[in-house]
$ cat work_38.cif   # mmCIF, C-alpha atoms and all ligand atoms
data_query
#
loop_
_atom_site.label_atom_id
_atom_site.label_comp_id
_atom_site.auth_asym_id
_atom_site.auth_seq_id
_atom_site.Cartn_x
_atom_site.Cartn_y
_atom_site.Cartn_z
CA MET A 1094 2.92 -14.66 11.26
CA ASN A 1095 0.23 -14.60 8.58
CA PRO A 1096 -1.68 -17.73 7.56
CA GLU A 1097 -0.62 -19.51 4.37
CA PRO A 1098 -2.32 -17.48 1.67
CA MET A 1099 -4.81 -19.18 -0.67
CA ASN A 1100 -3.19 -17.40 -3.53
CA PRO A 1101 0.43 -16.55 -2.74
CA ASN A 1102 1.01 -14.84 -6.06
CA ASN A 1103 -0.60 -11.51 -5.31
CA LEU A 1104 1.74 -9.01 -3.68
CA PHE A 1105 0.19 -6.15 -1.71
CA LEU A 1106 2.18 -3.03 -0.90
CA ILE A 1107 0.95 -1.25 2.19
CA GLY A 1108 2.27 1.81 3.99
CA PHE A 1109 1.72 5.48 4.68
CA ARG A 1110 1.32 8.09 1.98
CA CYS A 1111 4.41 8.81 -0.09
CA THR A 1112 6.27 5.67 0.91
CA GLY A 1113 6.64 4.68 -2.75
CA LYS A 1114 3.87 2.07 -3.05
CA SER A 1115 3.04 2.99 -6.66
CA SER A 1116 6.61 3.53 -7.90
CA VAL A 1117 7.93 0.41 -6.18
CA GLY A 1118 4.83 -1.51 -7.28
CA ARG A 1119 5.41 -0.63 -10.93
CA SER A 1120 9.09 -1.52 -10.70
CA LEU A 1121 8.35 -4.81 -8.91
CA SER A 1122 5.68 -5.79 -11.44
CA GLU A 1123 8.10 -5.16 -14.33
CA LYS A 1124 10.84 -7.22 -12.70
CA LEU A 1125 8.49 -10.09 -11.88
CA GLY A 1126 6.53 -9.91 -15.15
CA ARG A 1127 3.23 -9.40 -13.37
CA SER A 1128 0.43 -6.94 -13.84
CA PHE A 1129 0.37 -3.85 -11.66
CA VAL A 1130 -2.76 -2.39 -10.11
CA ASP A 1131 -3.26 0.60 -7.87
CA THR A 1132 -6.50 0.50 -5.89
CA ASP A 1133 -6.73 4.31 -5.62
CA SER A 1134 -6.26 4.68 -9.39
CA LEU A 1135 -8.92 2.05 -10.07
CA LEU A 1136 -11.31 3.96 -7.84
CA VAL A 1137 -10.49 7.27 -9.53
CA THR A 1138 -11.14 5.73 -12.96
CA LYS A 1139 -14.38 4.14 -11.81
CA GLN A 1140 -15.74 7.26 -10.12
CA LYS A 1141 -14.27 9.69 -12.66
CA MET A 1142 -13.20 11.86 -9.70
CA SER A 1143 -9.95 12.35 -7.79
CA ILE A 1144 -9.74 10.83 -4.28
CA LYS A 1145 -9.94 14.37 -2.92
CA GLU A 1146 -13.19 14.93 -4.85
CA ILE A 1147 -14.63 11.56 -3.80
CA VAL A 1148 -13.94 12.30 -0.12
CA GLY A 1149 -15.21 15.87 -0.54
CA ALA A 1150 -18.44 14.73 -2.21
CA HIS A 1151 -19.21 11.52 -0.30
CA GLY A 1152 -17.15 11.63 2.92
CA TRP A 1153 -14.50 9.31 4.35
CA GLU A 1154 -16.89 6.52 5.31
CA SER A 1155 -18.14 6.15 1.73
CA PHE A 1156 -14.59 6.33 0.43
CA ARG A 1157 -13.57 3.49 2.78
CA GLN A 1158 -16.52 1.38 1.56
CA MET A 1159 -15.54 2.01 -2.07
CA GLU A 1160 -11.94 1.16 -1.21
CA HIS A 1161 -13.07 -2.16 0.30
CA ALA A 1162 -15.20 -3.00 -2.75
CA ILE A 1163 -12.29 -2.28 -5.12
CA LEU A 1164 -9.91 -4.39 -3.04
CA LYS A 1165 -12.40 -7.26 -3.12
CA GLU A 1166 -12.57 -7.06 -6.92
CA VAL A 1167 -8.78 -6.94 -7.20
CA CYS A 1168 -8.40 -10.03 -4.98
CA ILE A 1169 -10.34 -12.13 -7.48
CA SER A 1170 -7.36 -11.96 -9.84
CA ASP A 1171 -3.96 -13.55 -9.50
CA GLU A 1172 -0.29 -12.75 -10.19
CA GLN A 1173 -0.61 -9.03 -9.49
CA VAL A 1174 1.41 -6.43 -7.69
CA VAL A 1175 -1.12 -4.25 -5.86
CA ALA A 1176 -0.42 -0.75 -4.51
CA THR A 1177 -2.99 0.06 -1.83
CA GLY A 1178 -4.10 3.34 -0.26
CA GLY A 1179 -2.35 4.34 2.96
CA GLY A 1180 -5.47 3.75 5.04
CA VAL A 1181 -6.34 0.29 3.71
CA VAL A 1182 -5.28 -1.33 7.00
CA LEU A 1183 -7.86 0.68 8.96
CA ASN A 1184 -10.45 -1.90 7.92
CA GLU A 1185 -9.78 -5.33 9.42
CA ASP A 1186 -11.72 -6.99 6.59
CA ASN A 1187 -9.28 -5.51 4.08
CA VAL A 1188 -6.38 -6.99 6.01
CA MET A 1189 -8.02 -10.44 6.12
CA LEU A 1190 -8.76 -10.23 2.41
CA MET A 1191 -5.14 -9.40 1.58
CA LYS A 1192 -3.79 -12.06 3.94
CA LYS A 1193 -5.90 -14.66 2.15
CA SER A 1194 -4.94 -13.43 -1.30
CA GLY A 1195 -1.20 -13.02 -1.15
CA ARG A 1196 1.79 -11.55 0.59
CA ILE A 1197 1.73 -8.18 2.30
CA ILE A 1198 4.77 -5.92 2.20
CA TRP A 1199 4.96 -2.82 4.38
CA LEU A 1200 6.95 0.03 2.90
CA LYS A 1201 8.24 1.87 5.93
CA ALA A 1202 9.44 5.46 6.14
CA THR A 1203 10.03 7.98 8.90
CA ALA A 1204 7.68 10.93 9.36
CA GLU A 1205 10.54 13.22 8.28
CA SER A 1206 11.02 11.55 4.91
CA ILE A 1207 7.25 11.30 4.37
CA LYS A 1208 6.93 15.03 4.99
CA ALA A 1209 9.84 15.77 2.62
CA ARG A 1210 8.34 13.57 -0.12
CA MET A 1211 4.89 15.12 0.36
CA LEU A 1212 6.33 18.59 -0.15
CA GLN A 1213 7.91 17.47 -3.42
CA ASP A 1214 4.84 15.63 -4.64
CA LYS A 1215 2.44 17.76 -6.67
CA ASP A 1216 -0.32 15.13 -6.43
CA THR A 1217 -0.46 15.54 -2.65
CA GLN A 1218 -1.73 19.09 -2.90
CA ASP A 1219 -3.92 18.59 -5.94
CA PHE A 1220 -5.42 15.14 -5.49
CA ARG A 1221 -4.92 13.89 -1.93
CA PRO A 1222 -7.45 14.87 0.72
CA ALA A 1223 -5.95 16.08 4.00
CA LEU A 1224 -5.96 13.33 6.63
CA THR A 1225 -5.99 15.83 9.43
CA LEU A 1226 -6.73 19.52 9.64
CA ASP A 1227 -3.06 20.37 9.86
CA SER A 1228 -0.49 18.44 7.88
CA ASN A 1229 2.61 19.53 9.78
CA ILE A 1230 5.24 17.06 10.91
CA SER A 1231 3.59 16.31 14.28
CA GLU A 1232 0.31 15.47 12.54
CA ILE A 1233 2.09 13.06 10.20
CA GLU A 1234 3.91 11.55 13.19
CA GLU A 1235 0.64 11.16 15.07
CA THR A 1236 -1.23 9.48 12.19
CA LEU A 1237 1.77 7.32 11.35
CA HIS A 1238 2.13 6.29 14.98
CA SER A 1239 -1.58 5.40 15.25
CA ARG A 1240 -1.30 3.18 12.18
CA GLU A 1241 2.05 1.55 12.85
CA SER A 1242 0.66 -1.45 14.74
CA LEU A 1243 -1.91 -2.00 11.98
CA TYR A 1244 0.77 -2.10 9.27
CA LYS A 1245 2.88 -4.33 11.49
CA ASN A 1246 0.08 -6.81 12.20
CA ALA A 1247 -0.85 -7.00 8.53
CA MET A 1248 2.62 -7.43 7.01
CA ASP A 1249 4.54 -10.53 6.05
CA PHE A 1250 7.63 -8.33 6.16
CA PHE A 1251 8.65 -4.68 5.96
CA VAL A 1252 11.23 -2.83 3.92
CA ASP A 1253 12.81 0.46 4.96
CA THR A 1254 12.45 2.99 2.16
CA ASP A 1255 14.31 5.95 3.68
CA ASP A 1256 17.16 7.13 1.43
CA ARG A 1257 16.82 4.11 -0.83
CA ALA A 1258 16.30 4.12 -4.59
CA ILE A 1259 13.23 2.39 -6.07
CA ARG A 1260 15.52 -0.17 -7.73
CA VAL A 1261 17.18 -1.03 -4.41
CA ILE A 1262 13.83 -1.37 -2.60
CA THR A 1263 12.59 -3.62 -5.42
CA ASP A 1264 15.64 -5.89 -5.13
CA VAL A 1265 15.30 -6.10 -1.33
CA ILE A 1266 11.64 -7.13 -1.72
CA ILE A 1267 12.51 -9.85 -4.24
CA LYS A 1268 15.20 -11.21 -1.93
CA LYS A 1269 12.83 -11.27 1.04
CA LEU A 1270 10.11 -12.97 -1.02
CA LYS A 1271 12.54 -15.70 -2.01
CA ALA A 1272 13.50 -16.21 1.64
CA LEU A 1273 9.83 -16.44 2.56
CA ASP A 1274 8.89 -18.96 -0.16
CA PRO A 1275 12.02 -21.02 -0.73
CA ASN A 1276 10.03 -24.01 -2.04
CA PRO A 1277 11.41 -24.59 -5.57
CA ASP A 1278 8.11 -26.21 -6.65
CA LYS A 1279 6.41 -22.87 -6.28
CA PRO A 1280 6.71 -20.30 -9.08
CA GLU A 1281 9.68 -17.98 -8.58
CA PRO A 1282 8.62 -14.64 -7.12
C1 LIG A 1301 -5.15 7.62 2.41
C2 LIG A 1301 -4.13 7.52 1.52
C3 LIG A 1301 -4.34 7.72 0.07
C4 LIG A 1301 -5.80 7.52 -0.33
C5 LIG A 1301 -6.70 8.31 0.56
C6 LIG A 1301 -6.56 7.90 2.02
C7 LIG A 1301 -4.86 7.41 3.85
O1 LIG A 1301 -3.54 6.82 -0.67
O2 LIG A 1301 -6.18 6.18 -0.31
O3 LIG A 1301 -6.40 9.65 0.39
O4 LIG A 1301 -5.81 7.26 4.64
O5 LIG A 1301 -3.67 7.36 4.21
P1 LIG A 1301 -1.92 6.99 -0.80
O6 LIG A 1301 -1.33 6.24 0.34
O7 LIG A 1301 -1.61 6.36 -2.11
O8 LIG A 1301 -1.65 8.44 -0.76
#
$ encode --input "work_38.cif" --output "structure tokens"
Amino acid sequence: MNPEPMNPNNLFLIGFRCTGKSSVGRSLSEKLGRSFVDTDSLLVTKQKMSIKEIVGAHGWESFRQMEHAILKEVCISDEQVVATGGGVVLNEDNVMLMKKSGRIIWLKATAESIKARMLQDKDTQDFRPALTLDSNISEIEETLHSRESLYKNAMDFFVDTDDRAIRVITDVIIKKLKALDPNPDKPEP
């Protein structure tokens, strides 16, 4: 159970690559009338390079530092839906920051559906750096497995995304948020 957030009106979407964080985030922000931010996109705009280029030029450690700095900046603002990078939970400070700044929703998917979505997603080949040397199904399974406890410990709740439309996932999230914050004095999620 996460501590009561200081600012419960930020909503952070966490989860592995291709679990729909950006698409669901956009849909959720529209439904809730909030602004949408994507930490990877902010970083890309700031650095004027794709994530693949940033990692290629500066390495993973620098990328993770930049990711932390961007998340910190984002957490200053309120009433946002925030799509994070798949590895945001690798840094405990990021998790603490998100826990203090809002609710954390884990978008869950099986390795099989992640692999299928990655194959369909042009951005994966062009803009996403490889996480491992070999991106076959067992590598996805392995990375996913190693991160599962981190997503689980960070989340307020999870939503299964396998075989579900963006609209359905959005509605499930809104329902779960209402169950989590039933206090009518608080602004409706
Ligand atoms: C990463 C996922 C990417 C991006 C970077 C690292 C990861 O974000 O932040 O390539 O470690 O899983 P997406 O989850 O949006 O692909």
$ residues_near_ligand --input "work_38.cif" --ligand "ligand LIG 1301 (chain A)" --cutoff "6 Å" --atoms "all atoms listed in the file" --output "list in words"
Phe1109, Arg1110, Asp1133, Ile1144, Gly1178, Gly1179, Gly1180, Arg1221 and Pro1222 of chain A
$ closest_residue --input "work_38.cif" --among "A:Asp1264, A:Glu1205, A:Glu1234, A:Asp1186" --to "A:Gly1118" --atoms "only C-alpha atoms"
A:Asp1264
$ residues_near_point --input "work_38.cif" --point "(9.8, -4.7, -11.7)" --cutoff "12 Å" --atoms "all atoms listed in the file" --output "list in words"
Ser1115, Ser1116, Val1117, Gly1118, Arg1119, Ser1120, Leu1121, Ser1122, Glu1123, Lys1124, Leu1125, Gly1126, Arg1127, Ser1128, Phe1129, Gln1173, Val1174, Ile1259, Arg1260, Val1261, Ile1262, Thr1263, Asp1264, Val1265, Ile1266, Ile1267 and Pro1282 of chain A
$ residues_around --input "work_38.cif" --residues "A:Thr1112" --least-positions-apart "4" --cutoff "8 Å" --atoms "all atoms listed in the file" --output "MDAnalysis selection string"
chainID A and resid 1108 1200:1202 1207 1254
$ write_last_selection --input "work_38.cif" --atoms "C-alpha atoms" --output "mmCIF file, in the coordinates of the input"
data_model
loop_
_atom_site.group_PDB
_atom_site.id
_atom_site.type_symbol
_atom_site.label_atom_id
_atom_site.label_comp_id
_atom_site.auth_asym_id
_atom_site.auth_seq_id
_atom_site.Cartn_x
_atom_site.Cartn_y
_atom_site.Cartn_z
ATOM 1 C CA GLY A 1108 2.270 1.810 3.990
ATOM 2 C CA LEU A 1200 6.950 0.030 2.900
ATOM 3 C CA LYS A 1201 8.240 1.870 5.930
ATOM 4 C CA ALA A 1202 9.440 5.460 6.140
ATOM 5 C CA ILE A 1207 7.250 11.300 4.370
ATOM 6 C CA THR A 1254 12.450 2.990 2.160
#
$ closest_residue --input "work_38.cif" --among "A:Ile1197, A:Ile1147, A:Leu1183, A:Cys1168" --to "A:Ser1239" --atoms "all atoms listed in the file"
A:Leu1183
$ residues_near_point --input "work_38.cif" --point "(-13.1, 8.5, -4.0)" --cutoff "12 Å" --atoms "only C-alpha atoms" --output "number ranges by chain"
A: 1132-1163, 1178, 1220-1222
$ closest_residue --input "work_38.cif" --among "A:Asn1246, A:Asn1102, A:Met1211, A:Ser1170" --to "A:Asp1274" --atoms "all atoms listed in the file"
A:Asn1102
$ atom_distance --input "work_38.cif" --atom1 "atom CA of A:Ala1204" --atom2 "atom CA of A:Ile1230"
6.8 Å
$ closest_residue --input "work_38.cif" --among "A:Lys1193, A:Lys1269, A:Asp1256, A:His1238" --to "A:Arg1210" --atoms "only C-alpha atoms"
A:Asp1256
$ residues_around --input "work_38.cif" --residues "A:Ala1247" --least-positions-apart "3" --cutoff "7 Å" --atoms "all atoms listed in the file" --output "list in words"
Val1188, Ile1197, Leu1243 and Tyr1244 of chain A
$ write_last_selection --input "work_38.cif" --atoms "C-alpha atoms" --output "PDB file, keeping the file's coordinate frame"
ATOM      1  CA  VAL A1188      -6.380  -6.990   6.010  1.00  0.00           C
ATOM      2  CA  ILE A1197       1.730  -8.180   2.300  1.00  0.00           C
ATOM      3  CA  LEU A1243      -1.910  -2.000  11.980  1.00  0.00           C
ATOM      4  CA  TYR A1244       0.770  -2.100   9.270  1.00  0.00           C
TER       5      TYR A1244
END
$ atom_distance --input "work_38.cif" --atom1 "atom CA of A:Leu1164" --atom2 "atom CA of A:Thr1236"
22.4 Å
$ atom_distance --input "work_38.cif" --atom1 "atom CA of A:Trp1199" --atom2 "atom CA of A:Phe1250"
6.4 Å
